[in-house]
file input.txt (compact mmCIF, C-alpha atoms)
# COMPACT_ATOMS: atom_id res chain seq x y z
CA MET A 1 -53.64 -27.64 -15.34
CA MET A 2 -50.36 -25.83 -15.96
CA ARG A 3 -46.96 -27.34 -16.58
CA VAL A 4 -44.41 -25.34 -14.58
CA LEU A 5 -40.68 -25.71 -15.09
CA PHE A 6 -38.36 -24.47 -12.35
CA VAL A 7 -34.88 -23.64 -13.65
CA VAL A 8 -32.42 -22.88 -10.86
CA THR A 9 -28.77 -21.88 -10.65
CA PRO A 10 -26.61 -24.81 -9.47
CA VAL A 11 -26.51 -23.75 -5.82
CA ALA A 12 -28.72 -25.67 -3.39
CA GLY A 13 -29.52 -22.58 -1.34
CA HIS A 14 -30.95 -20.90 -4.44
CA LEU A 15 -33.60 -23.61 -4.81
CA SER A 16 -34.73 -23.85 -1.17
CA PRO A 17 -36.60 -20.50 -1.06
CA LEU A 18 -38.54 -21.51 -4.19
CA THR A 19 -39.75 -24.88 -2.92
CA PRO A 20 -42.85 -23.59 -1.04
CA LEU A 21 -44.15 -22.16 -4.32
CA ALA A 22 -43.49 -25.52 -6.01
CA TRP A 23 -45.44 -27.27 -3.25
CA ALA A 24 -48.32 -24.82 -3.62
CA LEU A 25 -48.41 -25.32 -7.39
CA ARG A 26 -48.56 -29.09 -6.96
CA ASP A 27 -51.26 -28.80 -4.29
CA ALA A 28 -53.30 -26.78 -6.80
CA GLY A 29 -53.06 -29.65 -9.30
CA HIS A 30 -50.29 -28.33 -11.54
CA GLU A 31 -47.41 -30.40 -12.90
CA VAL A 32 -44.05 -29.23 -11.56
CA LEU A 33 -40.58 -30.19 -12.73
CA VAL A 34 -37.27 -28.84 -11.39
CA ALA A 35 -34.43 -28.54 -13.91
CA GLY A 36 -30.88 -28.03 -12.83
CA GLN A 37 -27.41 -29.39 -12.66
CA PRO A 38 -26.78 -32.38 -10.39
CA ASP A 39 -25.78 -30.05 -7.53
CA ILE A 40 -29.40 -29.17 -6.76
CA LEU A 41 -30.79 -32.73 -6.90
CA PRO A 42 -30.41 -33.48 -3.15
CA THR A 43 -32.37 -30.33 -2.30
CA ALA A 44 -35.08 -31.20 -4.82
CA ARG A 45 -35.35 -34.75 -3.46
CA ALA A 46 -35.48 -33.52 0.15
CA ALA A 47 -38.37 -31.25 -0.88
CA GLY A 48 -40.20 -34.14 -2.56
CA LEU A 49 -39.98 -32.55 -6.02
CA HIS A 50 -39.51 -34.23 -9.38
CA ALA A 51 -36.30 -33.15 -11.06
CA ALA A 52 -34.35 -33.52 -14.30
CA THR A 53 -30.61 -33.00 -14.51
CA VAL A 54 -28.90 -30.89 -17.14
CA GLY A 55 -25.15 -30.89 -17.66
CA GLU A 56 -22.38 -31.80 -15.26
CA PRO A 57 -21.99 -30.88 -11.56
CA PHE A 58 -21.06 -27.25 -11.02
CA ARG A 59 -19.44 -27.64 -7.55
CA MET A 60 -19.69 -24.06 -6.35
CA ASP A 61 -17.88 -24.74 -3.08
CA GLU A 62 -14.88 -26.22 -4.88
CA MET A 63 -14.76 -23.23 -7.20
CA LEU A 64 -14.80 -20.81 -4.27
CA LEU A 65 -12.15 -22.79 -2.41
CA GLY A 66 -9.95 -22.66 -5.50
CA ARG A 67 -10.12 -18.85 -5.42
CA LEU A 68 -9.21 -18.53 -1.74
CA PRO A 69 -5.62 -17.50 -0.99
CA ALA A 70 -3.93 -19.77 1.53
CA GLY A 71 -4.94 -19.01 5.09
CA GLN A 72 -7.86 -16.77 4.17
CA ARG A 73 -11.60 -17.26 4.19
CA LEU A 74 -14.30 -15.76 2.00
CA LEU A 75 -14.75 -12.58 3.99
CA GLN A 76 -11.04 -11.78 3.79
CA SER A 77 -10.54 -12.51 0.09
CA TRP A 78 -13.54 -11.35 -1.94
CA GLY A 79 -16.49 -11.02 0.39
CA ARG A 80 -16.65 -7.23 0.31
CA PHE A 81 -16.88 -6.46 -3.41
CA SER A 82 -18.88 -3.38 -4.24
CA ASP A 83 -22.35 -4.18 -5.57
CA LEU A 84 -21.30 -3.18 -9.08
CA ALA A 85 -18.13 -5.28 -9.01
CA GLN A 86 -20.09 -8.29 -7.75
CA ALA A 87 -22.75 -7.73 -10.39
CA ALA A 88 -20.19 -7.70 -13.19
CA ASP A 89 -18.41 -10.76 -11.81
CA PHE A 90 -21.63 -12.77 -11.44
CA ALA A 91 -22.94 -11.69 -14.85
CA ARG A 92 -19.76 -12.75 -16.67
CA SER A 93 -19.54 -16.03 -14.77
CA TRP A 94 -23.14 -17.03 -15.46
CA ALA A 95 -22.97 -15.95 -19.11
CA ASP A 96 -19.95 -18.19 -19.72
CA HIS A 97 -21.70 -20.98 -17.87
CA ASN A 98 -25.01 -20.57 -19.71
CA ARG A 99 -23.36 -21.07 -23.08
CA ILE A 100 -22.67 -24.62 -21.92
CA VAL A 101 -25.95 -25.57 -20.23
CA LEU A 102 -28.48 -23.62 -22.31
CA PRO A 103 -28.81 -26.23 -25.10
CA GLY A 104 -29.77 -28.83 -22.50
CA TYR A 105 -32.35 -26.54 -20.91
CA LEU A 106 -33.88 -25.76 -24.31
CA ASP A 107 -34.13 -29.44 -25.21
CA LEU A 108 -35.77 -30.27 -21.87
CA ALA A 109 -38.19 -27.33 -22.08
CA ARG A 110 -39.26 -28.23 -25.61
CA ALA A 111 -39.96 -31.81 -24.48
CA PHE A 112 -41.78 -30.79 -21.27
CA GLY A 113 -43.85 -27.99 -22.85
CA PRO A 114 -44.13 -25.59 -19.91
CA ASP A 115 -46.83 -22.94 -19.59
CA LEU A 116 -44.68 -21.07 -17.05
CA LEU A 117 -41.03 -20.95 -16.05
CA VAL A 118 -39.90 -20.06 -12.52
CA SER A 119 -36.31 -19.23 -11.65
CA ASP A 120 -34.21 -17.58 -8.99
CA VAL A 121 -32.91 -14.10 -9.71
CA LEU A 122 -29.50 -15.15 -11.10
CA GLU A 123 -30.68 -17.87 -13.47
CA TYR A 124 -30.63 -16.02 -16.79
CA SER A 125 -30.91 -19.15 -18.90
CA ALA A 126 -34.57 -19.37 -17.83
CA LEU A 127 -35.18 -15.90 -19.28
CA ILE A 128 -33.58 -16.98 -22.55
CA VAL A 129 -35.53 -20.24 -22.69
CA GLY A 130 -38.74 -18.33 -22.05
CA GLY A 131 -37.88 -15.81 -24.77
CA VAL A 132 -37.09 -18.51 -27.34
CA LEU A 133 -40.23 -20.55 -26.59
CA GLY A 134 -42.59 -17.63 -25.92
CA VAL A 135 -43.24 -18.77 -22.34
CA PRO A 136 -43.59 -16.25 -19.46
CA VAL A 137 -40.91 -16.36 -16.78
CA VAL A 138 -41.35 -15.48 -13.10
CA GLN A 139 -38.29 -14.82 -10.97
CA HIS A 140 -38.27 -15.48 -7.22
CA ARG A 141 -36.04 -13.53 -4.84
CA TRP A 142 -34.31 -15.33 -1.97
CA GLY A 143 -34.82 -12.47 0.48
CA ILE A 144 -33.08 -9.11 0.90
CA ASP A 145 -32.02 -8.45 -2.67
CA SER A 146 -28.90 -6.43 -3.35
CA LEU A 147 -27.83 -8.46 -6.38
CA SER A 148 -30.55 -9.03 -8.94
CA GLU A 149 -31.10 -5.54 -10.36
CA PRO A 150 -27.45 -4.45 -10.79
CA THR A 151 -26.53 -7.94 -11.99
CA ARG A 152 -29.30 -7.96 -14.60
CA VAL A 153 -27.95 -4.71 -16.04
CA GLN A 154 -24.53 -6.31 -16.42
CA ALA A 155 -26.08 -9.57 -17.65
CA ARG A 156 -27.73 -7.85 -20.61
CA GLU A 157 -24.30 -7.03 -22.01
CA ALA A 158 -22.76 -10.37 -21.04
CA HIS A 159 -25.57 -12.35 -22.73
CA ALA A 160 -26.02 -10.13 -25.80
CA GLU A 161 -24.13 -12.39 -28.21
CA LEU A 162 -25.84 -15.54 -26.93
CA CYS A 163 -29.30 -13.97 -27.25
CA ALA A 164 -28.58 -12.71 -30.76
CA ALA A 165 -27.53 -16.20 -31.87
CA LEU A 166 -30.96 -17.46 -30.75
CA GLY A 167 -32.87 -14.68 -32.52
CA LEU A 168 -33.60 -12.61 -29.44
CA PRO A 169 -33.11 -8.82 -29.45
CA GLY A 170 -31.65 -9.02 -25.95
CA LEU A 171 -32.01 -10.68 -22.58
CA PRO A 172 -35.76 -10.83 -21.84
CA ASP A 173 -37.26 -9.54 -18.61
CA PRO A 174 -39.39 -11.63 -16.24
CA VAL A 175 -43.11 -10.94 -16.27
CA THR A 176 -42.95 -10.45 -12.51
CA VAL A 177 -40.63 -10.92 -9.56
CA LEU A 178 -41.85 -12.64 -6.40
CA ASP A 179 -40.53 -11.19 -3.16
CA PRO A 180 -40.66 -13.04 0.20
CA CYS A 181 -38.95 -10.18 2.04
CA PRO A 182 -41.23 -7.86 4.04
CA PRO A 183 -41.11 -4.26 2.79
CA SER A 184 -39.70 -2.95 6.08
CA LEU A 185 -36.69 -5.29 5.72
CA GLN A 186 -36.13 -5.01 1.96
CA LEU A 187 -33.64 -2.53 0.55
CA PRO A 188 -35.43 0.78 -0.12
CA ASP A 189 -34.14 1.19 -3.69
CA VAL A 190 -35.19 -2.29 -4.87
CA ALA A 191 -38.14 -2.32 -7.28
CA PRO A 192 -41.25 -3.66 -5.56
CA GLY A 193 -42.08 -7.26 -6.38
CA MET A 194 -45.17 -9.40 -5.97
CA PRO A 195 -45.24 -10.32 -2.25
CA ILE A 196 -45.20 -13.97 -1.25
CA ARG A 197 -45.10 -15.20 2.34
CA HIS A 198 -41.92 -16.91 3.43
CA VAL A 199 -42.40 -20.56 4.38
CA HIS A 200 -39.68 -22.48 6.22
CA ALA A 201 -37.86 -24.70 3.72
CA HIS A 202 -34.77 -26.09 5.44
CA GLY A 203 -35.11 -29.60 4.07
CA ASN A 204 -36.58 -32.57 5.87
CA GLY A 205 -35.41 -34.07 9.13
CA THR A 206 -36.33 -36.04 12.23
CA LEU A 207 -37.37 -34.27 15.41
CA PRO A 208 -34.57 -34.89 17.94
CA ASP A 209 -35.68 -36.76 21.07
CA TRP A 210 -34.24 -34.10 23.40
CA LEU A 211 -36.17 -31.36 21.60
CA ARG A 212 -39.38 -33.37 21.71
CA ALA A 213 -38.92 -33.78 25.47
CA GLU A 214 -38.43 -30.01 25.84
CA TRP A 215 -41.62 -29.31 23.90
CA ALA A 216 -43.52 -31.67 26.20
CA ALA A 217 -42.05 -30.07 29.32
CA ALA A 218 -42.89 -26.56 28.10
CA ALA A 219 -46.45 -27.62 27.30
CA SER A 220 -46.97 -29.04 30.80
CA ASP A 221 -45.39 -26.06 32.60
CA PRO A 222 -45.16 -22.96 30.38
CA ARG A 223 -43.88 -20.83 33.31
CA ALA A 224 -40.89 -23.02 34.15
CA ASP A 225 -37.54 -21.24 34.12
CA ARG A 226 -35.03 -22.26 31.47
CA PRO A 227 -31.74 -20.87 30.19
CA ARG A 228 -31.80 -18.34 27.38
CA ARG A 229 -31.10 -20.20 24.15
CA VAL A 230 -29.21 -19.06 21.06
CA ILE A 231 -29.20 -21.07 17.84
CA VAL A 232 -25.86 -20.99 16.00
CA SER A 233 -25.94 -21.94 12.32
CA LEU A 234 -23.43 -20.88 9.69
CA GLY A 235 -24.69 -23.18 6.96
CA ARG A 236 -22.76 -26.14 5.63
CA SER A 237 -20.95 -24.19 2.92
CA THR A 238 -19.54 -21.64 5.35
CA LEU A 239 -18.00 -24.41 7.43
CA ARG A 240 -16.53 -26.11 4.39
CA LEU A 241 -15.11 -22.83 3.13
CA ASN A 242 -12.57 -22.38 5.94
CA GLY A 243 -15.23 -21.59 8.54
CA VAL A 244 -14.24 -23.93 11.41
CA PRO A 245 -11.98 -21.37 13.17
CA LEU A 246 -14.79 -18.83 12.96
CA PHE A 247 -17.28 -21.34 14.34
CA ARG A 248 -14.92 -22.26 17.18
CA GLY A 249 -14.59 -18.63 18.25
CA ILE A 250 -18.37 -18.11 18.21
CA LEU A 251 -18.95 -21.09 20.48
CA ARG A 252 -16.17 -20.07 22.89
CA ALA A 253 -17.94 -16.73 23.33
CA PHE A 254 -20.62 -18.53 25.35
CA ALA A 255 -18.14 -19.05 28.21
CA ASP A 256 -18.77 -15.39 29.06
CA LEU A 257 -22.57 -15.68 28.93
CA PRO A 258 -23.85 -17.26 32.16
CA GLY A 259 -27.41 -18.47 31.92
CA VAL A 260 -27.22 -18.64 28.11
CA GLU A 261 -26.85 -21.86 26.16
CA ALA A 262 -25.95 -22.44 22.52
CA VAL A 263 -27.46 -25.04 20.23
CA ALA A 264 -25.12 -25.24 17.24
CA THR A 265 -25.79 -27.17 14.05
CA VAL A 266 -22.59 -28.76 12.74
CA ASP A 267 -21.76 -31.87 10.73
CA ALA A 268 -19.91 -34.59 12.63
CA GLU A 269 -16.92 -34.29 10.27
CA HIS A 270 -16.10 -30.83 11.66
CA ARG A 271 -16.54 -31.48 15.37
CA ALA A 272 -13.06 -32.77 16.19
CA GLU A 273 -11.59 -29.50 14.88
CA LEU A 274 -13.69 -27.44 17.29
CA GLY A 275 -11.78 -28.64 20.34
CA GLU A 276 -13.00 -28.22 23.92
CA LEU A 277 -16.09 -26.06 24.21
CA PRO A 278 -17.93 -24.30 27.06
CA ALA A 279 -20.31 -26.39 29.13
CA GLY A 280 -23.35 -24.53 27.81
CA VAL A 281 -22.79 -25.51 24.17
CA ARG A 282 -24.78 -28.35 22.59
CA LEU A 283 -23.68 -29.60 19.15
CA VAL A 284 -26.42 -31.13 17.01
CA ASP A 285 -26.55 -32.56 13.53
CA PRO A 286 -27.86 -30.21 10.84
CA THR A 287 -31.58 -30.01 11.61
CA PRO A 288 -34.35 -28.05 9.92
CA LEU A 289 -33.88 -24.76 11.73
CA HIS A 290 -37.54 -23.99 12.30
CA MET A 291 -37.68 -27.02 14.63
CA LEU A 292 -35.06 -25.30 16.81
CA PHE A 293 -36.53 -21.80 16.61
CA ARG A 294 -39.55 -22.72 18.75
CA THR A 295 -37.43 -22.75 21.94
CA ALA A 296 -34.92 -20.06 20.88
CA ASP A 297 -34.38 -16.50 22.03
CA ALA A 298 -31.90 -15.42 19.31
CA VAL A 299 -29.98 -16.70 16.30
CA VAL A 300 -26.36 -16.34 15.21
CA HIS A 301 -25.80 -16.91 11.50
CA HIS A 302 -23.79 -16.01 8.41
CA GLY A 303 -26.34 -13.70 6.80
CA GLY A 304 -27.63 -16.30 4.34
CA ALA A 305 -30.98 -15.39 2.83
CA GLY A 306 -32.77 -18.53 3.99
CA THR A 307 -31.67 -18.23 7.61
CA THR A 308 -32.33 -14.48 7.67
CA MET A 309 -35.86 -14.92 6.35
CA SER A 310 -36.69 -17.88 8.59
CA ALA A 311 -35.38 -16.24 11.76
CA SER A 312 -37.28 -13.06 10.86
CA TYR A 313 -40.47 -15.04 10.24
CA ALA A 314 -39.99 -16.68 13.66
CA GLY A 315 -39.68 -13.21 15.22
CA LEU A 316 -36.17 -13.81 16.59
CA PRO A 317 -33.43 -11.19 17.02
CA GLN A 318 -30.30 -12.03 15.05
CA LEU A 319 -26.54 -11.62 15.22
CA ALA A 320 -25.29 -11.65 11.62
CA LEU A 321 -21.69 -12.45 10.67
CA PRO A 322 -21.75 -11.96 6.87
CA GLN A 323 -19.16 -13.65 4.67
CA LEU A 324 -19.80 -12.62 1.05
CA ALA A 325 -22.17 -11.19 -1.55
CA ASP A 326 -25.74 -10.41 -0.44
CA MET A 327 -25.03 -11.53 3.14
CA PHE A 328 -23.77 -8.02 3.91
CA ALA A 329 -27.02 -6.48 2.71
CA SER A 330 -28.98 -8.90 4.89
CA ALA A 331 -26.88 -7.98 7.91
CA GLY A 332 -27.22 -4.26 7.26
CA GLN A 333 -30.99 -4.39 6.85
CA LEU A 334 -31.43 -6.35 10.07
CA VAL A 335 -29.54 -3.58 11.85
CA ARG A 336 -31.62 -0.85 10.17
CA ALA A 337 -34.83 -2.66 11.12
CA GLY A 338 -33.67 -2.77 14.74
CA ALA A 339 -33.94 -6.57 14.78
CA GLY A 340 -30.27 -7.47 14.87
CA ILE A 341 -26.60 -6.69 15.28
CA ALA A 342 -23.97 -7.18 12.59
CA LEU A 343 -20.24 -7.81 12.92
CA GLU A 344 -18.88 -7.31 9.42
CA THR A 345 -15.08 -7.48 9.73
CA ALA A 346 -12.88 -10.51 10.22
CA ALA A 347 -11.36 -8.93 13.34
CA GLU A 348 -14.80 -8.56 14.96
CA GLN A 349 -15.97 -12.01 13.93
CA ASP A 350 -12.79 -13.69 15.20
CA ASP A 351 -13.03 -12.06 18.65
CA PRO A 352 -15.07 -14.18 21.12
CA ALA A 353 -15.29 -11.22 23.51
CA ARG A 354 -16.88 -9.05 20.80
CA ILE A 355 -19.36 -11.80 19.92
CA SER A 356 -20.17 -12.33 23.60
CA ALA A 357 -20.82 -8.61 24.09
CA ALA A 358 -23.06 -8.47 21.00
CA LEU A 359 -25.11 -11.46 22.17
CA ALA A 360 -25.44 -10.03 25.68
CA GLU A 361 -26.82 -6.81 24.19
CA LEU A 362 -29.12 -8.67 21.82
CA LEU A 363 -30.64 -10.70 24.67
CA ALA A 364 -30.83 -7.87 27.21
CA GLU A 365 -32.28 -4.98 25.22
CA PRO A 366 -36.03 -5.38 24.57
CA TRP A 367 -36.08 -3.28 21.39
CA TYR A 368 -34.35 -6.07 19.45
CA THR A 369 -36.99 -8.60 20.51
CA ASN A 370 -39.81 -6.13 19.83
CA ALA A 371 -38.50 -5.24 16.37
CA ALA A 372 -37.97 -8.90 15.52
CA ALA A 373 -41.51 -9.75 16.62
CA SER A 374 -42.81 -6.93 14.43
CA LEU A 375 -41.00 -8.41 11.41
CA GLY A 376 -42.56 -11.79 12.14
CA ARG A 377 -46.05 -10.29 12.23
CA GLU A 378 -45.43 -8.41 8.99
CA MET A 379 -44.30 -11.58 7.24
CA THR A 380 -47.27 -13.57 8.54
CA GLY A 381 -49.55 -11.02 6.88
CA MET A 382 -48.03 -11.50 3.42
CA PRO A 383 -49.93 -13.61 0.81
CA ALA A 384 -49.45 -17.34 1.23
CA PRO A 385 -47.92 -19.26 -1.71
CA SER A 386 -51.35 -20.79 -2.41
CA ARG A 387 -52.75 -17.30 -2.99
CA VAL A 388 -49.83 -16.42 -5.24
CA VAL A 389 -50.56 -19.54 -7.30
CA GLU A 390 -54.01 -18.12 -8.03
CA ASP A 391 -52.39 -14.89 -9.23
CA LEU A 392 -50.02 -16.85 -11.47
CA GLU A 393 -52.95 -18.80 -12.90
CA HIS A 394 -54.66 -15.51 -13.82
CA LEU A 395 -51.40 -14.26 -15.34
CA ILE A 396 -51.13 -17.33 -17.59
CA ARG A 397 -54.77 -17.11 -18.64
CA ARG A 398 -54.29 -13.46 -19.64
CA ALA A 399 -51.10 -14.33 -21.52
CA GLY A 400 -52.92 -17.09 -23.40
call {"tool": "encode", "arguments": {"input": "input.txt", "output": "structure tokens"}}
result
Amino acid sequence: MMRVLFVVTPVAGHLSPLTPLAWALRDAGHEVLVAGQPDILPTARAAGLHAATVGEPFRMDEMLLGRLPAGQRLLQSWGRFSDLAQAADFARSWADHNRIVLPGYLDLARAFGPDLLVSDVLEYSALIVGGVLGVPVVQHRWGIDSLSEPTRVQAREAHAELCAALGLPGLPDPVTVLDPCPPSLQLPDVAPGMPIRHVHAHGNGTLPDWLRAEWAAAASDPRADRPRRVIVSLGRSTLRLNGVPLFRGILRAFADLPGVEAVATVDAEHRAELGELPAGVRLVDPTPLHMLFRTADAVVHHGGAGTTMSASYAGLPQLALPQLADMFASAGQLVRAGAGIALETAAEQDDPARISAALAELLAEPWYTNAAASLGREMTGMPAPSRVVEDLEHLIRRAG
């Protein structure tokens, strides 16, 4: 039996892609503990994982809101940094942050005694903990990865003083990087990682009664006509970060799409701001997206890694409206793979007519559906997390 410590940056979406590996490790009989700031505890609990908190809440959304000029949203203020500028900004931010939380992580790791550490690609404190304790570290990408390699270059300089104080010659490297992104969708200049199949990890939830009834109807009469369906999900953070006007415009675009309905996930607190919507729009509480994908024909989203990977795994064409950071890389790669359309400027995203035209094209042209289905097949053929656990077990035995 191995003890495996997951150390994750304090952003809930950074933990979600790692949870299938944690499940697989537990199913194989290994002891798994998630370490992080209180921000990631709800995600760990929803995944049924044991967790230990370190430090105070980070509150990423509040930090981002504090940096937004009045009247602007993420895309308009600092969403389009160059990769190098983003890398330097992230590296400095996490280095300053790690000076505060690293002592807590070291204390917890010494008490837990891990044989392996697993982290996301921006959690450098895990690399330092592994270096100090002589424990191998595996990093896990979220999806299309435009950030980790340039950021690690910058992070070496930003963490040099901290590493030296702990007796390390520099920021250690991971022993391997796990990659859930299929090669045909990944950026071509990213170093190959160890493939791991994407598994839907959108949290837990209850199957809505209306969706259950639709499944039953489809099972009894698979040939019955139904409207084309588009799932609209911008993620909870995008809505909180001045995203309601954007969301309103997306939904109003469906007025110009006869025979197409939208199922949009949105918290009740934001619904009053949306105003009157077209008849073909259904608002639902945030629901694990893979439950909705089964009856969907396309997805509109913000370019988040989790939604991009899950929609690709489901073989669905996608309209991406990226807002910041790696979301632009996700949008661009979907376009290059032929599986999606991207609207990358605020002017495009705020124009319901432009969104309507993009969705009409996405639903009408078969090459988008064919390319999306090809991505789904490619991802299905990647090694399941249970198989990757076997590889990690061999890695630890060799290291021992």
call {"tool": "closest_residue", "arguments": {"input": "input.txt", "among": "A:Pro258, A:Ala217, A:Thr380, A:Arg248", "to": "Gln349 (chain A)", "atoms": "only C-alpha atoms"}}
result
A:Arg248
call {"tool": "closest_residue", "arguments": {"input": "input.txt", "among": "A:Met291, A:Leu274, A:Ser310, A:Ala28", "to": "Asp209 (chain A)", "atoms": "all atoms listed in the file"}}
result
A:Met291
call {"tool": "residues_around", "arguments": {"input": "input.txt", "residues": "Thr265 (chain A)", "least_positions_apart": "4", "cutoff": "6 Å", "atoms": "only C-alpha atoms", "output": "ChimeraX atom specification"}}
result
/A:233,284-286
call {"tool": "closest_residue", "arguments": {"input": "input.txt", "among": "A:Pro172, A:Arg398, A:Arg197, A:Ala255", "to": "Ala357 (chain A)", "atoms": "all atoms listed in the file"}}
result
A:Ala255
call {"tool": "closest_residue", "arguments": {"input": "input.txt", "among": "A:Leu108, A:Leu147, A:Arg92, A:Arg26", "to": "Thr53 (chain A)", "atoms": "all atoms listed in the file"}}
result
A:Leu108
call {"tool": "closest_residue", "arguments": {"input": "input.txt", "among": "A:Pro103, A:Gly167, A:Glu390, A:Leu395", "to": "Gly29 (chain A)", "atoms": "only C-alpha atoms"}}
result
A:Glu390
call {"tool": "residues_near_point", "arguments": {"input": "input.txt", "point": "(-30.4, -15.3, -9.6)", "cutoff": "7 Å", "atoms": "all atoms listed in the file", "output": "list of chain:residue names"}}
result
A:Thr9, A:Asp120, A:Val121, A:Leu122, A:Glu123, A:Ser148
call {"tool": "write_last_selection", "arguments": {"input": "input.txt", "atoms": "C-alpha atoms", "output": "compact mmCIF listing (two decimals), keeping the file's coordinate frame"}}
result
# COMPACT_ATOMS: atom_id res chain seq x y z
CA THR A 9 -28.77 -21.88 -10.65
CA ASP A 120 -34.21 -17.58 -8.99
CA VAL A 121 -32.91 -14.10 -9.71
CA LEU A 122 -29.50 -15.15 -11.10
CA GLU A 123 -30.68 -17.87 -13.47
CA SER A 148 -30.55 -9.03 -8.94
call {"tool": "residues_around", "arguments": {"input": "input.txt", "residues": "Ala201 (chain A)", "least_positions_apart": "5", "cutoff": "12 Å", "atoms": "all atoms listed in the file", "output": "short mmCIF file (atom, residue, chain, number, x, y, z; two decimals) with C-alpha atoms, in the coordinates of the input"}}
result
data_model
loop_
_atom_site.label_atom_id
_atom_site.label_comp_id
_atom_site.auth_asym_id
_atom_site.auth_seq_id
_atom_site.Cartn_x
_atom_site.Cartn_y
_atom_site.Cartn_z
CA ALA A 12 -28.72 -25.67 -3.39
CA GLY A 13 -29.52 -22.58 -1.34
CA HIS A 14 -30.95 -20.90 -4.44
CA LEU A 15 -33.60 -23.61 -4.81
CA SER A 16 -34.73 -23.85 -1.17
CA PRO A 17 -36.60 -20.50 -1.06
CA LEU A 18 -38.54 -21.51 -4.19
CA THR A 19 -39.75 -24.88 -2.92
CA PRO A 20 -42.85 -23.59 -1.04
CA LEU A 21 -44.15 -22.16 -4.32
CA ALA A 22 -43.49 -25.52 -6.01
CA TRP A 23 -45.44 -27.27 -3.25
CA THR A 43 -32.37 -30.33 -2.30
CA ALA A 44 -35.08 -31.20 -4.82
CA ALA A 46 -35.48 -33.52 0.15
CA ALA A 47 -38.37 -31.25 -0.88
CA GLY A 48 -40.20 -34.14 -2.56
CA TRP A 142 -34.31 -15.33 -1.97
CA THR A 287 -31.58 -30.01 11.61
CA PRO A 288 -34.35 -28.05 9.92
CA LEU A 289 -33.88 -24.76 11.73
CA HIS A 290 -37.54 -23.99 12.30
CA MET A 291 -37.68 -27.02 14.63
CA ALA A 305 -30.98 -15.39 2.83
CA GLY A 306 -32.77 -18.53 3.99
CA THR A 307 -31.67 -18.23 7.61
CA MET A 309 -35.86 -14.92 6.35
CA SER A 310 -36.69 -17.88 8.59
CA ALA A 311 -35.38 -16.24 11.76
CA TYR A 313 -40.47 -15.04 10.24
#
call {"tool": "axis_aligned_box", "arguments": {"input": "input.txt", "around": "region 22-28 of chain A", "padding_each_side": "6 Å", "output": "lines of an AutoDock Vina configuration file"}}
result
center_x = -48.4
center_y = -27.0
center_z = -5.3
size_x = 21.8
size_y = 16.3
size_z = 16.1
call {"tool": "residues_around", "arguments": {"input": "input.txt", "residues": "Met2 (chain A)", "least_positions_apart": "6", "cutoff": "8 Å", "atoms": "all atoms listed in the file", "output": "CSV table (one decimal) with C-alpha atoms, in the coordinates of the input"}}
result
chain,number,residue,atom,x,y,z
A,30,HIS,CA,-50.3,-28.3,-11.5
A,31,GLU,CA,-47.4,-30.4,-12.9
A,114,PRO,CA,-44.1,-25.6,-19.9
A,115,ASP,CA,-46.8,-22.9,-19.6
A,116,LEU,CA,-44.7,-21.1,-17.0
call {"tool": "atom_distance", "arguments": {"input": "input.txt", "atom1": "CA of Asp173 (chain A)", "atom2": "CA of Val32 (chain A)"}}
result
22.0 Å
call {"tool": "residues_around", "arguments": {"input": "input.txt", "residues": "Val230 (chain A)", "least_positions_apart": "2", "cutoff": "10 Å", "atoms": "only C-alpha atoms", "output": "number ranges by chain"}}
result
A: 227-228, 232-233, 254, 260-264, 281, 292-293, 295-300, 316-319, 359, 363
call {"tool": "closest_residue", "arguments": {"input": "input.txt", "among": "A:Ile144, A:Leu343, A:Cys163, A:Ala155", "to": "Ile128 (chain A)", "atoms": "only C-alpha atoms"}}
result
A:Cys163
call {"tool": "residues_around", "arguments": {"input": "input.txt", "residues": "Phe247 (chain A)", "least_positions_apart": "4", "cutoff": "8 Å", "atoms": "all atoms listed in the file", "output": "list in words"}}
result
Leu234, Leu239, Gly243, Leu251 and Leu274 of chain A
call {"tool": "atom_distance", "arguments": {"input": "input.txt", "atom1": "CA of Glu365 (chain A)", "atom2": "CA of His301 (chain A)"}}
result
19.3 Å
call {"tool": "atom_distance", "arguments": {"input": "input.txt", "atom1": "CA of Val190 (chain A)", "atom2": "CA of Phe328 (chain A)"}}
result
15.5 Å
call {"tool": "residues_near_point", "arguments": {"input": "input.txt", "point": "(-25.6, -32.1, -10.7)", "cutoff": "12 Å", "atoms": "all atoms listed in the file", "output": "list in words"}}
result
Val8, Thr9, Pro10, Val11, Ala12, Ala35, Gly36, Gln37, Pro38, Asp39, Ile40, Leu41, Pro42, Thr43, Ala44, Ala51, Ala52, Thr53, Val54, Gly55, Glu56, Pro57, Phe58, Arg59, Met60 and Val101 of chain A
